[in-house]
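Undergrad: model.pdb is reproduced in full below (PDB, C-alpha atoms and all ligand atoms).
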```
ATOM      1  CA  MET A   1     -21.311 199.260 -40.968
ATOM      2  CA  ASN A   2     -23.134 196.399 -39.257
ATOM      3  CA  PRO A   3     -23.553 197.534 -35.627
ATOM      4  CA  PHE A   4     -24.170 194.018 -34.260
ATOM      5  CA  ILE A   5     -21.468 192.123 -32.383
ATOM      6  CA  TRP A   6     -22.192 188.490 -31.688
ATOM      7  CA  LEU A   7     -21.865 187.595 -28.019
ATOM      8  CA  GLU A   8     -22.963 183.972 -27.616
ATOM      9  CA  ASP A   9     -25.954 181.788 -28.525
ATOM     10  CA  ASN A  10     -28.555 184.145 -30.017
ATOM     11  CA  TYR A  11     -27.388 187.236 -28.207
ATOM     12  CA  TYR A  12     -25.857 190.266 -29.918
ATOM     13  CA  TRP A  13     -24.575 193.664 -28.798
ATOM     14  CA  ASN A  14     -25.999 196.620 -30.729
ATOM     15  CA  ASP A  15     -23.062 199.020 -30.838
ATOM     16  CA  GLU A  16     -25.313 201.935 -31.804
ATOM     17  CA  THR A  17     -27.901 201.623 -29.048
ATOM     18  CA  HIS A  18     -25.513 199.937 -26.575
ATOM     19  CA  LYS A  19     -28.130 197.304 -25.824
ATOM     20  CA  VAL A  20     -28.184 193.527 -25.933
ATOM     21  CA  VAL A  21     -30.633 192.120 -28.473
ATOM     22  CA  ASP A  22     -31.512 188.678 -29.744
ATOM     23  CA  GLU A  23     -31.720 187.569 -33.363
ATOM     24  CA  ASN A  24     -35.404 188.513 -33.484
ATOM     25  CA  GLY A  25     -34.611 192.076 -32.473
ATOM     26  CA  ASN A  26     -35.871 191.779 -28.882
ATOM     27  CA  VAL A  27     -34.065 194.234 -26.630
ATOM     28  CA  PHE A  28     -32.917 193.129 -23.147
ATOM     29  CA  GLU A  29     -32.655 195.265 -20.039
ATOM     30  CA  TYR A  30     -29.501 194.564 -18.024
ATOM     31  CA  LYS A  31     -31.420 192.667 -15.318
ATOM     32  CA  ASP A  32     -32.763 190.242 -17.947
ATOM     33  CA  ILE A  33     -29.419 189.431 -19.568
ATOM     34  CA  PRO A  34     -28.193 185.883 -18.669
ATOM     35  CA  GLN A  35     -25.115 185.791 -16.437
ATOM     36  CA  LYS A  36     -22.841 184.222 -19.070
ATOM     37  CA  ILE A  37     -23.744 187.001 -21.538
ATOM     38  CA  ARG A  38     -23.014 189.631 -18.861
ATOM     39  CA  GLU A  39     -19.596 188.058 -18.313
ATOM     40  CA  ARG A  40     -18.946 188.171 -22.045
ATOM     41  CA  LEU A  41     -19.887 191.865 -22.150
ATOM     42  CA  LYS A  42     -17.414 192.589 -19.356
ATOM     43  CA  LEU A  43     -14.645 190.492 -20.930
ATOM     44  CA  LEU A  44     -15.013 192.362 -24.218
ATOM     45  CA  GLY A  45     -15.143 195.726 -22.459
ATOM     46  CA  LEU A  46     -18.558 196.441 -23.995
ATOM     47  CA  ILE A  47     -19.741 197.270 -20.495
ATOM     48  CA  MET A  48     -17.013 199.219 -18.739
ATOM     49  CA  PRO A  49     -16.719 200.748 -15.276
ATOM     50  CA  ASN A  50     -17.369 204.502 -15.076
ATOM     51  CA  GLY A  51     -14.253 206.539 -15.656
ATOM     52  CA  LEU A  52     -12.921 204.502 -18.546
ATOM     53  CA  ASP A  53     -12.854 205.858 -22.065
ATOM     54  CA  LYS A  54     -12.225 203.129 -24.636
ATOM     55  CA  VAL A  55     -10.755 199.655 -24.961
ATOM     56  CA  LEU A  56      -7.380 199.699 -26.712
ATOM     57  CA  TYR A  57      -6.604 195.997 -26.629
ATOM     58  CA  GLN A  58      -9.086 193.200 -26.114
ATOM     59  CA  ASN A  59      -8.299 190.213 -23.962
ATOM     60  CA  PHE A  60      -7.844 187.843 -26.920
ATOM     61  CA  GLU A  61      -5.488 190.273 -28.716
ATOM     62  CA  ILE A  62      -3.310 190.541 -25.630
ATOM     63  CA  ASP A  63      -3.260 186.776 -25.255
ATOM     64  CA  LEU A  64      -2.201 186.275 -28.882
ATOM     65  CA  ARG A  65       0.520 188.903 -28.615
ATOM     66  CA  ILE A  66       1.927 187.408 -25.423
ATOM     67  CA  LYS A  67       2.072 184.006 -27.147
ATOM     68  CA  GLU A  68       4.054 185.613 -29.983
ATOM     69  CA  ILE A  69       6.502 187.212 -27.573
ATOM     70  CA  ALA A  70       6.899 183.906 -25.741
ATOM     71  CA  GLU A  71       7.688 182.157 -29.031
ATOM     72  CA  LYS A  72      10.403 184.719 -29.756
ATOM     73  CA  ILE A  73      11.862 184.218 -26.283
ATOM     74  CA  ASN A  74      11.689 180.411 -26.684
ATOM     75  CA  GLU A  75      13.704 180.781 -29.874
ATOM     76  CA  ASP A  76      16.205 183.341 -28.559
ATOM     77  CA  TYR A  77      17.022 181.311 -25.452
ATOM     78  CA  LYS A  78      16.735 177.829 -26.946
ATOM     79  CA  ASP A  79      20.377 176.987 -26.108
ATOM     80  CA  ILE A  80      20.234 178.316 -22.560
ATOM     81  CA  LYS A  81      22.091 176.186 -19.983
ATOM     82  CA  ASP A  82      20.828 177.325 -16.587
ATOM     83  CA  PRO A  83      17.148 178.257 -16.410
ATOM     84  CA  LEU A  84      16.321 181.811 -17.462
ATOM     85  CA  ILE A  85      15.494 184.042 -14.484
ATOM     86  CA  LEU A  86      12.269 185.957 -15.094
ATOM     87  CA  VAL A  87      12.226 188.956 -12.787
ATOM     88  CA  GLY A  88       8.826 190.613 -12.577
ATOM     89  CA  VAL A  89       8.670 194.213 -11.393
ATOM     90  CA  LEU A  90       5.737 194.482  -8.988
ATOM     91  CA  LYS A  91       2.977 195.194  -9.045
ATOM     92  CA  GLY A  92       2.026 195.971 -12.626
ATOM     93  CA  CYS A  93       3.772 192.945 -14.125
ATOM     94  CA  PHE A  94       1.789 190.261 -12.367
ATOM     95  CA  ILE A  95      -0.746 189.336 -15.063
ATOM     96  CA  PHE A  96       1.660 189.650 -18.002
ATOM     97  CA  MET A  97       4.264 187.671 -16.062
ATOM     98  CA  ALA A  98       1.783 184.893 -15.292
ATOM     99  CA  ASP A  99       0.767 184.614 -18.949
ATOM    100  CA  LEU A 100       4.258 184.916 -20.391
ATOM    101  CA  SER A 101       5.788 182.359 -18.046
ATOM    102  CA  ARG A 102       3.110 179.807 -18.881
ATOM    103  CA  TYR A 103       3.769 180.143 -22.611
ATOM    104  CA  LEU A 104       7.530 179.605 -22.209
ATOM    105  CA  ARG A 105       8.874 176.190 -23.124
ATOM    106  CA  ILE A 106      12.480 176.908 -22.134
ATOM    107  CA  PRO A 107      13.643 176.194 -18.559
ATOM    108  CA  HIS A 108      12.940 179.226 -16.378
ATOM    109  CA  VAL A 109      12.477 180.316 -12.786
ATOM    110  CA  ILE A 110      10.287 183.095 -11.430
ATOM    111  CA  ASP A 111      11.317 185.910  -9.152
ATOM    112  CA  PHE A 112       9.936 189.343  -8.293
ATOM    113  CA  MET A 113      11.194 192.670  -7.145
ATOM    114  CA  SER A 114       9.634 195.896  -6.068
ATOM    115  CA  VAL A 115      10.868 199.391  -6.839
ATOM    116  CA  SER A 116       9.639 202.813  -5.916
ATOM    117  CA  SER A 117       9.263 205.043  -8.919
ATOM    118  CA  TYR A 118       5.822 206.574  -9.092
ATOM    119  CA  GLY A 119       4.222 205.735  -5.762
ATOM    120  CA  ASP A 120       1.254 208.108  -5.636
ATOM    121  CA  LYS A 121       2.921 210.575  -7.983
ATOM    122  CA  ILE A 122       1.771 211.227 -11.538
ATOM    123  CA  GLU A 123       5.304 211.570 -12.918
ATOM    124  CA  ASN A 124       8.436 209.520 -12.441
ATOM    125  CA  ASP A 125      11.116 211.925 -11.212
ATOM    126  CA  GLY A 126      13.875 209.464 -12.099
ATOM    127  CA  ASN A 127      14.545 208.574  -8.500
ATOM    128  CA  VAL A 128      14.276 204.753  -8.702
ATOM    129  CA  ARG A 129      14.989 202.745  -5.556
ATOM    130  CA  ILE A 130      14.819 199.000  -4.982
ATOM    131  CA  ILE A 131      12.419 198.286  -2.131
ATOM    132  CA  MET A 132      12.418 194.501  -2.389
ATOM    133  CA  ASP A 133      15.125 192.680  -4.310
ATOM    134  CA  CYS A 134      14.774 189.295  -5.972
ATOM    135  CA  ARG A 135      16.016 186.209  -4.165
ATOM    136  CA  VAL A 136      17.561 183.979  -6.830
ATOM    137  CA  ASN A 137      21.311 184.443  -7.168
ATOM    138  CA  GLN A 138      21.839 186.079 -10.559
ATOM    139  CA  LYS A 139      25.616 185.597 -10.882
ATOM    140  CA  GLY A 140      26.483 184.126 -14.280
ATOM    141  CA  ARG A 141      22.796 183.764 -15.141
ATOM    142  CA  ASP A 142      20.554 185.079 -17.906
ATOM    143  CA  VAL A 143      17.941 187.516 -16.628
ATOM    144  CA  LEU A 144      14.775 188.740 -18.310
ATOM    145  CA  ILE A 145      13.118 191.650 -16.514
ATOM    146  CA  VAL A 146       9.347 191.705 -17.023
ATOM    147  CA  GLU A 147       7.364 194.949 -16.874
ATOM    148  CA  ASP A 148       3.840 196.034 -17.685
ATOM    149  CA  ILE A 149       4.878 199.372 -19.215
ATOM    150  CA  VAL A 150       7.870 201.468 -20.183
ATOM    151  CA  ASP A 151       6.985 205.138 -19.986
ATOM    152  CA  SER A 152       9.766 207.576 -19.026
ATOM    153  CA  GLY A 153      12.151 204.606 -19.215
ATOM    154  CA  TYR A 154      13.728 205.457 -15.855
ATOM    155  CA  THR A 155      12.674 202.232 -14.124
ATOM    156  CA  LEU A 156      13.848 199.684 -16.700
ATOM    157  CA  ASN A 157      16.933 201.666 -17.616
ATOM    158  CA  TYR A 158      17.952 201.657 -13.964
ATOM    159  CA  LEU A 159      17.124 197.983 -13.457
ATOM    160  CA  VAL A 160      18.886 196.716 -16.588
ATOM    161  CA  ASN A 161      22.064 198.578 -15.605
ATOM    162  CA  ASN A 162      21.736 197.438 -12.031
ATOM    163  CA  PHE A 163      21.435 193.773 -13.062
ATOM    164  CA  LYS A 164      24.346 194.087 -15.481
ATOM    165  CA  SER A 165      26.529 195.178 -12.572
ATOM    166  CA  ARG A 166      25.660 191.963 -10.676
ATOM    167  CA  GLY A 167      27.841 189.683 -12.779
ATOM    168  CA  THR A 168      24.929 188.325 -14.810
ATOM    169  CA  ASN A 169      25.588 186.552 -18.100
ATOM    170  CA  SER A 170      22.928 188.603 -19.930
ATOM    171  CA  VAL A 171      20.121 191.011 -19.094
ATOM    172  CA  LYS A 172      17.132 191.682 -21.333
ATOM    173  CA  SER A 173      13.710 193.185 -20.763
ATOM    174  CA  ALA A 174      10.162 192.460 -21.852
ATOM    175  CA  THR A 175       7.268 194.866 -21.527
ATOM    176  CA  LEU A 176       3.622 194.452 -22.367
ATOM    177  CA  LEU A 177       3.270 198.124 -23.299
ATOM    178  CA  ASP A 178       5.685 200.729 -24.551
ATOM    179  CA  LYS A 179       4.912 204.441 -24.499
ATOM    180  CA  PRO A 180       7.743 206.082 -26.463
ATOM    181  CA  LYS A 181       6.076 209.512 -26.193
ATOM    182  CA  GLY A 182       6.694 209.461 -22.423
ATOM    183  CA  ARG A 183      10.414 208.729 -22.711
ATOM    184  CA  LYS A 184      12.824 210.837 -20.668
ATOM    185  CA  VAL A 185      15.836 208.579 -20.996
ATOM    186  CA  ASP A 186      17.095 206.645 -24.010
ATOM    187  CA  PHE A 187      15.836 203.101 -23.473
ATOM    188  CA  GLU A 188      14.419 200.313 -25.629
ATOM    189  CA  ALA A 189      13.011 197.056 -24.308
ATOM    190  CA  ASP A 190      14.008 193.855 -26.095
ATOM    191  CA  TYR A 191      10.469 192.449 -26.258
ATOM    192  CA  VAL A 192       7.448 194.740 -26.613
ATOM    193  CA  GLY A 193       3.796 193.727 -26.674
ATOM    194  CA  PHE A 194       2.129 196.872 -27.950
ATOM    195  CA  GLU A 195       3.337 200.383 -28.662
ATOM    196  CA  LEU A 196       1.079 203.187 -27.448
ATOM    197  CA  THR A 197       1.011 205.991 -29.969
ATOM    198  CA  ASP A 198      -0.029 208.771 -27.624
ATOM    199  CA  ASN A 199       0.373 209.791 -24.024
ATOM    200  CA  SER A 200      -2.981 208.519 -22.707
ATOM    201  CA  TRP A 201      -3.123 206.888 -19.312
ATOM    202  CA  VAL A 202      -4.001 203.229 -19.698
ATOM    203  CA  VAL A 203      -5.300 200.703 -17.185
ATOM    204  CA  GLY A 204      -6.126 197.023 -16.986
ATOM    205  CA  TYR A 205      -4.154 193.813 -17.351
ATOM    206  CA  GLY A 206      -1.988 194.790 -14.376
ATOM    207  CA  LEU A 207      -1.908 198.544 -14.921
ATOM    208  CA  ASP A 208      -3.676 200.800 -12.464
ATOM    209  CA  ALA A 209      -4.643 204.391 -11.870
ATOM    210  CA  PHE A 210      -4.248 204.983  -8.134
ATOM    211  CA  GLU A 211      -4.840 201.236  -7.594
ATOM    212  CA  LYS A 212      -8.076 201.122  -9.592
ATOM    213  CA  TRP A 213      -8.841 198.929 -12.614
ATOM    214  CA  ARG A 214      -5.703 196.738 -12.326
ATOM    215  CA  THR A 215      -7.526 193.448 -12.895
ATOM    216  CA  LEU A 216      -9.585 194.379 -15.941
ATOM    217  CA  PRO A 217      -9.173 191.649 -18.576
ATOM    218  CA  TYR A 218      -8.446 194.251 -21.317
ATOM    219  CA  ILE A 219      -6.401 197.442 -21.634
ATOM    220  CA  ALA A 220      -8.381 200.677 -21.743
ATOM    221  CA  THR A 221      -7.764 204.407 -21.628
ATOM    222  CA  ILE A 222      -9.198 206.474 -18.805
ATOM    223  CA  LYS A 223     -11.280 209.616 -19.199
ATOM    224  CA  ARG A 224      -9.483 212.830 -18.457
ATOM    225  CA  ASN A 225     -11.482 215.652 -16.903
TER     226      ASN A 225
HETATM  227  C1  LIG A 301       4.930 201.540 -13.367
HETATM  228  C2  LIG A 301       5.332 200.325 -14.166
HETATM  229  C3  LIG A 301       6.818 200.448 -14.251
HETATM  230  C4  LIG A 301       7.048 201.935 -14.235
HETATM  231  C5  LIG A 301       7.331 202.380 -15.630
HETATM  232  O1  LIG A 301       5.084 201.265 -12.004
HETATM  233  O2  LIG A 301       4.919 199.136 -13.559
HETATM  234  O3  LIG A 301       7.462 199.825 -13.167
HETATM  235  O4  LIG A 301       5.842 202.527 -13.758
HETATM  236  O5  LIG A 301       7.461 203.760 -15.719
HETATM  237  P1  LIG A 301       8.758 204.516 -16.188
HETATM  238  O6  LIG A 301       9.171 203.971 -17.508
HETATM  239  O7  LIG A 301       8.287 205.949 -16.290
HETATM  240  O8  LIG A 301       9.827 204.348 -15.139
HETATM  241  P2  LIG A 301       4.308 202.009 -10.819
HETATM  242  O9  LIG A 301       5.292 202.871 -10.052
HETATM  243  O10 LIG A 301       3.091 202.700 -11.363
HETATM  244  O11 LIG A 301       3.929 200.851  -9.846
HETATM  245  P3  LIG A 301       2.977 199.570 -10.033
HETATM  246  O12 LIG A 301       3.639 198.663 -11.033
HETATM  247  O13 LIG A 301       2.933 198.990  -8.669
HETATM  248  O14 LIG A 301       1.644 200.049 -10.522
END
```
Please, can you express the file's structure as structure tokens?

TA:
Amino acid sequence: MNPFIWLEDNYYWNDETHKVVDENGNVFEYKDIPQKIRERLKLLGLIMPNGLDKVLYQNFEIDLRIKEIAEKINEDYKDIKDPLILVGVLKGCFIFMADLSRYLRIPHVIDFMSVSSYGDKIENDGNVRIIMDCRVNQKGRDVLIVEDIVDSGYTLNYLVNNFKSRGTNSVKSATLLDKPKGRKVDFEADYVGFELTDNSWVVGYGLDAFEKWRTLPYIATIKRN
């Protein structure tokens, strides 16, 4: 297989040697790589911070998928009367929420809430508490809860039921990632970006590991020692 990945201009990434080369085969040390090529390497996850394993979803794939989800939501809510309330669950949702909301063409408003589920723990023990509630009055309104990931399912299952008990007209959920292997409660989101096939810990695009790597432009797995 051709190991060269085109970056920009005459610059290529050699995926076998993990070096940047030009079309004449000249090899560049990192200090000699132009800034815009360095940025491209970071965006594509070809140069990753230590501790990460591999890129699962590239920035452009995520963008395309979010557009697709937004189109589905535009269609499903096309007859909506009052603006749809998008409720993002902090903090992981913030990048997905920003993208999704900007691709929506239906009337919508933005709100956020914060729950305690994991904190510094590795596992969700099912004890979900609302720390900061959203502000928009949800009575009689259509609500779409926006998450970065569904793992055990405890958080979204709790929130969907909680919102249903508030006299809402409808409650649905959208998640960028779904990890069915982690499920501890029967729950399915209405809109799913990508399904993770194993139990790896993923970071980037809003997801963190102990607050690291949240703002990576791609989604990657972390190395396990
Ligand atoms: C993550 C994620 C969801 C929840 C999903 O939040 O953002 O809210 O876990 O997991 P579950 O399906 O097992 O309930 P986290 O507590 O890591 O906080 P964060 O969003 O601030 O990173």

Undergrad: Please identify every residue of chain A that has at least one atom no farther than 7 Å from an atom of ligand LIG 301 (chain A), counting all atoms listed in the file, and for each give the shortest atom pair and the distance in Å to one decimal, arranged by chain then increasing number, as JSON lines.

TA:
```
{"residue": "A:Val89", "atom": "CA", "partner": "A:LIG301", "partner_atom": "O3", "distance": 6.0}
{"residue": "A:Leu90", "atom": "CA", "partner": "A:LIG301", "partner_atom": "O12", "distance": 5.1}
{"residue": "A:Lys91", "atom": "CA", "partner": "A:LIG301", "partner_atom": "O13", "distance": 3.8}
{"residue": "A:Gly92", "atom": "CA", "partner": "A:LIG301", "partner_atom": "O12", "distance": 3.5}
{"residue": "A:Cys93", "atom": "CA", "partner": "A:LIG301", "partner_atom": "O2", "distance": 6.3}
{"residue": "A:Ser116", "atom": "CA", "partner": "A:LIG301", "partner_atom": "O9", "distance": 6.0}
{"residue": "A:Ser117", "atom": "CA", "partner": "A:LIG301", "partner_atom": "O9", "distance": 4.7}
{"residue": "A:Tyr118", "atom": "CA", "partner": "A:LIG301", "partner_atom": "O9", "distance": 3.9}
{"residue": "A:Gly119", "atom": "CA", "partner": "A:LIG301", "partner_atom": "O9", "distance": 5.3}
{"residue": "A:Asn124", "atom": "CA", "partner": "A:LIG301", "partner_atom": "O7", "distance": 5.3}
{"residue": "A:Glu147", "atom": "CA", "partner": "A:LIG301", "partner_atom": "O2", "distance": 5.9}
{"residue": "A:Asp148", "atom": "CA", "partner": "A:LIG301", "partner_atom": "O2", "distance": 5.3}
{"residue": "A:Ile149", "atom": "CA", "partner": "A:LIG301", "partner_atom": "C2", "distance": 5.2}
{"residue": "A:Val150", "atom": "CA", "partner": "A:LIG301", "partner_atom": "O6", "distance": 3.9}
{"residue": "A:Asp151", "atom": "CA", "partner": "A:LIG301", "partner_atom": "O6", "distance": 3.5}
{"residue": "A:Ser152", "atom": "CA", "partner": "A:LIG301", "partner_atom": "O7", "distance": 3.5}
{"residue": "A:Gly153", "atom": "CA", "partner": "A:LIG301", "partner_atom": "O6", "distance": 3.5}
{"residue": "A:Tyr154", "atom": "CA", "partner": "A:LIG301", "partner_atom": "O8", "distance": 4.1}
{"residue": "A:Thr155", "atom": "CA", "partner": "A:LIG301", "partner_atom": "O8", "distance": 3.7}
{"residue": "A:Leu156", "atom": "CA", "partner": "A:LIG301", "partner_atom": "O8", "distance": 6.4}
{"residue": "A:Leu207", "atom": "CA", "partner": "A:LIG301", "partner_atom": "O14", "distance": 5.9}
{"residue": "A:Asp208", "atom": "CA", "partner": "A:LIG301", "partner_atom": "O14", "distance": 5.7}
```

Undergrad: Which is closest to A:Asp15 among A:Ile33, A:Ile47, A:Glu75, A:Ile80, if we use all atoms listed in the file?

TA: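 Closest residue, counting all atoms listed in the file: A:Ile47.
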
Undergrad: For this structure, which residues satisfy the selection - the PyMOL selection byres (((chain A and resi 167) around 9) and not hetatm) - when it is evaluated on the file as given? I want them as a list in words.

TA: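 Selected by the PyMOL selection byres (((chain A and resi 167) around 9) and not hetatm) in this file: Gln138, Lys139, Gly140, Arg141, Phe163, Lys164, Ser165, Arg166, Thr168, Asn169 and Ser170 of chain A.
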
Undergrad: Mind giving me the straight-line distance from atom CA of A:Asp142 to atom CA of A:Leu196 in Å, one decimal?

TA: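 Distance between the two atoms: 28.3 Å.
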
Undergrad: Can you give me, as a PyMOL selection string, the residues this file yields under the PyMOL selection byres (((chain A and resi 3) around 8) and not hetatm)?

TA: chain A and resi 1-2+4-5+13-16

Undergrad: Applied to this file, what does the PyMOL selection byres (((chain A and resi 71) around 12) and not hetatm) return in terms of residues, put as a ChimeraX atom specification?

TA: /A:64-70,72-78,100-106,191

Undergrad: Would you fill out stretch 131-154 of chain A with N, CA and C atoms and return it as a PDB file, in the coordinates of the input?

TA:
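This is the output file out24.pdb:
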```pdb
ATOM      1  N   ILE A 131      13.031 198.462  -3.453  1.00  0.00           N
ATOM      2  CA  ILE A 131      12.419 198.286  -2.131  1.00  0.00           C
ATOM      3  C   ILE A 131      12.507 196.824  -1.708  1.00  0.00           C
ATOM      4  N   MET A 132      12.295 195.941  -2.661  1.00  0.00           N
ATOM      5  CA  MET A 132      12.418 194.501  -2.389  1.00  0.00           C
ATOM      6  C   MET A 132      13.187 193.878  -3.552  1.00  0.00           C
ATOM      7  N   ASP A 133      14.296 193.259  -3.246  1.00  0.00           N
ATOM      8  CA  ASP A 133      15.125 192.680  -4.310  1.00  0.00           C
ATOM      9  C   ASP A 133      14.688 191.239  -4.569  1.00  0.00           C
ATOM     10  N   CYS A 134      15.127 190.689  -5.721  1.00  0.00           N
ATOM     11  CA  CYS A 134      14.774 189.295  -5.972  1.00  0.00           C
ATOM     12  C   CYS A 134      15.702 188.373  -5.165  1.00  0.00           C
ATOM     13  N   ARG A 135      15.318 187.111  -5.082  1.00  0.00           N
ATOM     14  CA  ARG A 135      16.016 186.209  -4.165  1.00  0.00           C
ATOM     15  C   ARG A 135      17.004 185.287  -4.860  1.00  0.00           C
ATOM     16  N   VAL A 136      16.691 184.930  -6.127  1.00  0.00           N
ATOM     17  CA  VAL A 136      17.561 183.979  -6.830  1.00  0.00           C
ATOM     18  C   VAL A 136      18.911 184.644  -7.106  1.00  0.00           C
ATOM     19  N   ASN A 137      19.974 183.906  -6.885  1.00  0.00           N
ATOM     20  CA  ASN A 137      21.311 184.443  -7.168  1.00  0.00           C
ATOM     21  C   ASN A 137      21.480 184.599  -8.683  1.00  0.00           C
ATOM     22  N   GLN A 138      21.810 185.806  -9.111  1.00  0.00           N
ATOM     23  CA  GLN A 138      21.839 186.079 -10.559  1.00  0.00           C
ATOM     24  C   GLN A 138      23.234 185.921 -11.174  1.00  0.00           C
ATOM     25  N   LYS A 139      24.232 185.649 -10.370  1.00  0.00           N
ATOM     26  CA  LYS A 139      25.616 185.597 -10.882  1.00  0.00           C
ATOM     27  C   LYS A 139      25.749 184.561 -12.010  1.00  0.00           C
ATOM     28  N   GLY A 140      26.269 185.008 -13.138  1.00  0.00           N
ATOM     29  CA  GLY A 140      26.483 184.126 -14.280  1.00  0.00           C
ATOM     30  C   GLY A 140      25.214 183.681 -14.987  1.00  0.00           C
ATOM     31  N   ARG A 141      24.085 184.234 -14.592  1.00  0.00           N
ATOM     32  CA  ARG A 141      22.796 183.764 -15.141  1.00  0.00           C
ATOM     33  C   ARG A 141      22.220 184.744 -16.158  1.00  0.00           C
ATOM     34  N   ASP A 142      21.271 184.241 -16.948  1.00  0.00           N
ATOM     35  CA  ASP A 142      20.554 185.079 -17.906  1.00  0.00           C
ATOM     36  C   ASP A 142      19.265 185.570 -17.256  1.00  0.00           C
ATOM     37  N   VAL A 143      19.073 186.893 -17.316  1.00  0.00           N
ATOM     38  CA  VAL A 143      17.941 187.516 -16.628  1.00  0.00           C
ATOM     39  C   VAL A 143      17.042 188.213 -17.652  1.00  0.00           C
ATOM     40  N   LEU A 144      15.746 188.004 -17.492  1.00  0.00           N
ATOM     41  CA  LEU A 144      14.775 188.740 -18.310  1.00  0.00           C
ATOM     42  C   LEU A 144      13.857 189.503 -17.353  1.00  0.00           C
ATOM     43  N   ILE A 145      13.950 190.827 -17.396  1.00  0.00           N
ATOM     44  CA  ILE A 145      13.118 191.650 -16.514  1.00  0.00           C
ATOM     45  C   ILE A 145      11.764 191.858 -17.202  1.00  0.00           C
ATOM     46  N   VAL A 146      10.695 191.656 -16.443  1.00  0.00           N
ATOM     47  CA  VAL A 146       9.347 191.705 -17.023  1.00  0.00           C
ATOM     48  C   VAL A 146       8.561 192.869 -16.418  1.00  0.00           C
ATOM     49  N   GLU A 147       8.088 193.741 -17.288  1.00  0.00           N
ATOM     50  CA  GLU A 147       7.364 194.949 -16.874  1.00  0.00           C
ATOM     51  C   GLU A 147       6.015 195.019 -17.560  1.00  0.00           C
ATOM     52  N   ASP A 148       5.105 195.783 -16.993  1.00  0.00           N
ATOM     53  CA  ASP A 148       3.840 196.034 -17.685  1.00  0.00           C
ATOM     54  C   ASP A 148       3.972 197.191 -18.669  1.00  0.00           C
ATOM     55  N   ILE A 149       4.775 198.212 -18.310  1.00  0.00           N
ATOM     56  CA  ILE A 149       4.878 199.372 -19.215  1.00  0.00           C
ATOM     57  C   ILE A 149       6.234 200.064 -19.065  1.00  0.00           C
ATOM     58  N   VAL A 150       6.726 200.555 -20.201  1.00  0.00           N
ATOM     59  CA  VAL A 150       7.870 201.468 -20.183  1.00  0.00           C
ATOM     60  C   VAL A 150       7.334 202.822 -20.594  1.00  0.00           C
ATOM     61  N   ASP A 151       7.501 203.800 -19.712  1.00  0.00           N
ATOM     62  CA  ASP A 151       6.985 205.138 -19.986  1.00  0.00           C
ATOM     63  C   ASP A 151       8.175 206.099 -20.086  1.00  0.00           C
ATOM     64  N   SER A 152       8.580 206.708 -18.979  1.00  0.00           N
ATOM     65  CA  SER A 152       9.766 207.576 -19.026  1.00  0.00           C
ATOM     66  C   SER A 152      11.014 206.748 -19.357  1.00  0.00           C
ATOM     67  N   GLY A 153      10.995 205.478 -18.997  1.00  0.00           N
ATOM     68  CA  GLY A 153      12.151 204.606 -19.215  1.00  0.00           C
ATOM     69  C   GLY A 153      13.075 204.552 -18.009  1.00  0.00           C
ATOM     70  N   TYR A 154      12.837 205.404 -17.016  1.00  0.00           N
ATOM     71  CA  TYR A 154      13.728 205.457 -15.855  1.00  0.00           C
ATOM     72  C   TYR A 154      13.833 204.101 -15.153  1.00  0.00           C
TER      73      TYR A 154
END
```
